[in-house]
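Participant: Just dropping this structure here.
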Amino acid sequence: MKNISIILHRMMKLNDKELKYECFKMALSSGVLTSILSIALTSFAMNIIRTMKALTYQNEIFILTCIVAPIIEEILKPLGLIFCNDPKEHLKIRDWAFLGVVAGTGFSILENSFYFVSTLTSKGRELAIAVIVFRTFTTMPMHMFASSLTGIGIGLWKRRRRWITPLTFSFSIIIHSSFNFLVISR
């Protein structure tokens with residue numbers, strides 16, 4: 001906790017360019033780190049869902065991929081942006097959107113790596129390459145776009161326009177859920 005307060009204190013003294021760079025690093029690293037936490041929480045939720053004996057396998061997959069995972073991921077991905085202290089409001093809303101994109105990119109890189117390794121060890125190299133190419137051109141842009149919305153929401157929250165923030169998070173969850181639904185319904 002002491003490290004966070006040191007970082008925040010340091011960020012308060014940064015100029016515009018330095019602040020953006022520090023926030024960029026925070027967004028990227030938090031995107032990567034929250035991917036690990038998201039995988040753990042989603043796995044935990046999967047174990048709980050599987051204990052519900054009345055659910056079919058298809059219903060389990062639907063609940064996990066279209067409800068649980070989008071909520072967990074869209075709340076966790078932009079967490080690092082909360083620590084981007086901008087007391088003089090150097091950061092514009094477009095900067096917050098960009099920081100959201102960066103967090104989504106970091107998240108997606110690690111998530112895609114996890115899927116690549118998992119597919120490589122269980123299904124082989126050819127399918128693993130197909131999975132990583134598919135996810136890079138579909139899932140990664142979805143994560144980037146959804147996180148840009150939450151980045152905007154956090155930026156507006158910091159500017160005291162807090163009523164919009166729940167809407168931006170809700171839209172990002174809906175986009176993520178819709179994307180996952182399209183993927184599993186094929």
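Going through the structure tokens in order, the chains are called A, B, and so on, while each chain numbers its residues from 1 and the ligands are numbered from 1 in the order shown.
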Counting only C-alpha atoms, which residues of segment 24-137 of chain A fall within 8 Å of segment 149-160 of chain A, and what is the closest atom pair for each with its distance in Å at one decimal, ordered by chain and rising number, as a tab-separated table?

Facilitator:
residue	atom	partner	partner_atom	distance
A:Glu74	CA	A:Thr150	CA	7.6
A:Pro78	CA	A:Gly151	CA	6.6
A:Leu81	CA	A:Ile154	CA	7.1
A:Ile82	CA	A:Ile154	CA	6.9
A:Glu89	CA	A:Arg159	CA	7.7
A:Lys92	CA	A:Gly155	CA	7.9
A:Ile93	CA	A:Ile152	CA	5.9
A:Arg94	CA	A:Ile152	CA	7.4
A:Trp96	CA	A:Gly151	CA	4.9
A:Ala97	CA	A:Gly151	CA	4.8
A:Phe98	CA	A:Gly151	CA	7.4
A:Leu99	CA	A:Gly151	CA	6.2
A:Gly100	CA	A:Gly151	CA	4.2
A:Val101	CA	A:Gly151	CA	7.6

Participant: Enumerate, as a PyMOL selection string, the complete set of residues in chain A that a backbone-based DSSP assignment places in helix (DSSP H, G or I).

Facilitator: chain A and resi 2-12+16-50+57-76+79-83+93-123+125-137+139-158+162-184

Participant: A:Phe62, A:Phe181, A:Phe145, A:Phe171: which is nearest Ser108 of chain A, counting only C-alpha atoms?

Facilitator: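 Once distances to Ser108 of chain A are computed over only C-alpha atoms, the minimum belongs to A:Phe145.
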
Participant: To one decimal place in Å, what is the distance between atom CA of Ala69 of chain A and atom CA of Glu22 of chain A?

Facilitator: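 Atom CA of Glu22 of chain A lies at a distance of 28.6 Å from atom CA of Ala69 of chain A.
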
Participant: If we count only C-alpha atoms and set the cut-off at 12 Å, which residues sit around Ser113 of chain A, ignoring sequence neighbours fewer than 2 positions away in its own chain? Please answer as a list of chain:residue names.

Facilitator: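 My list of contacting residues is A:Val32, A:Ser35, A:Ile36, A:Gly106, A:Phe107, A:Ser108, A:Ile109, A:Leu110, A:Glu111, A:Tyr115, A:Phe116, A:Val117, A:Ser118, A:Thr119, A:Leu120, A:Ala128, A:Ile129, A:Val131, A:Ile132, A:Val133, A:Arg135, A:Thr136, A:Met140.
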
Participant: May I ask which of the residues A:Ile75, A:Lys123, A:Ala130, A:Ile184 is the closest one to Phe169 of chain A, counting only C-alpha atoms?

Facilitator: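 When distances to Phe169 of chain A are compared using only C-alpha atoms, the smallest one comes from A:Ile75.
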
Participant: My list of candidates is A:Lys77, A:His90, A:Lys25, A:His143. Which is closest to Ile175 of chain A when distances are computed with only C-alpha atoms?

Facilitator: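 Residue with the minimum atom-to-atom distance to Ile175 of chain A: A:His143.
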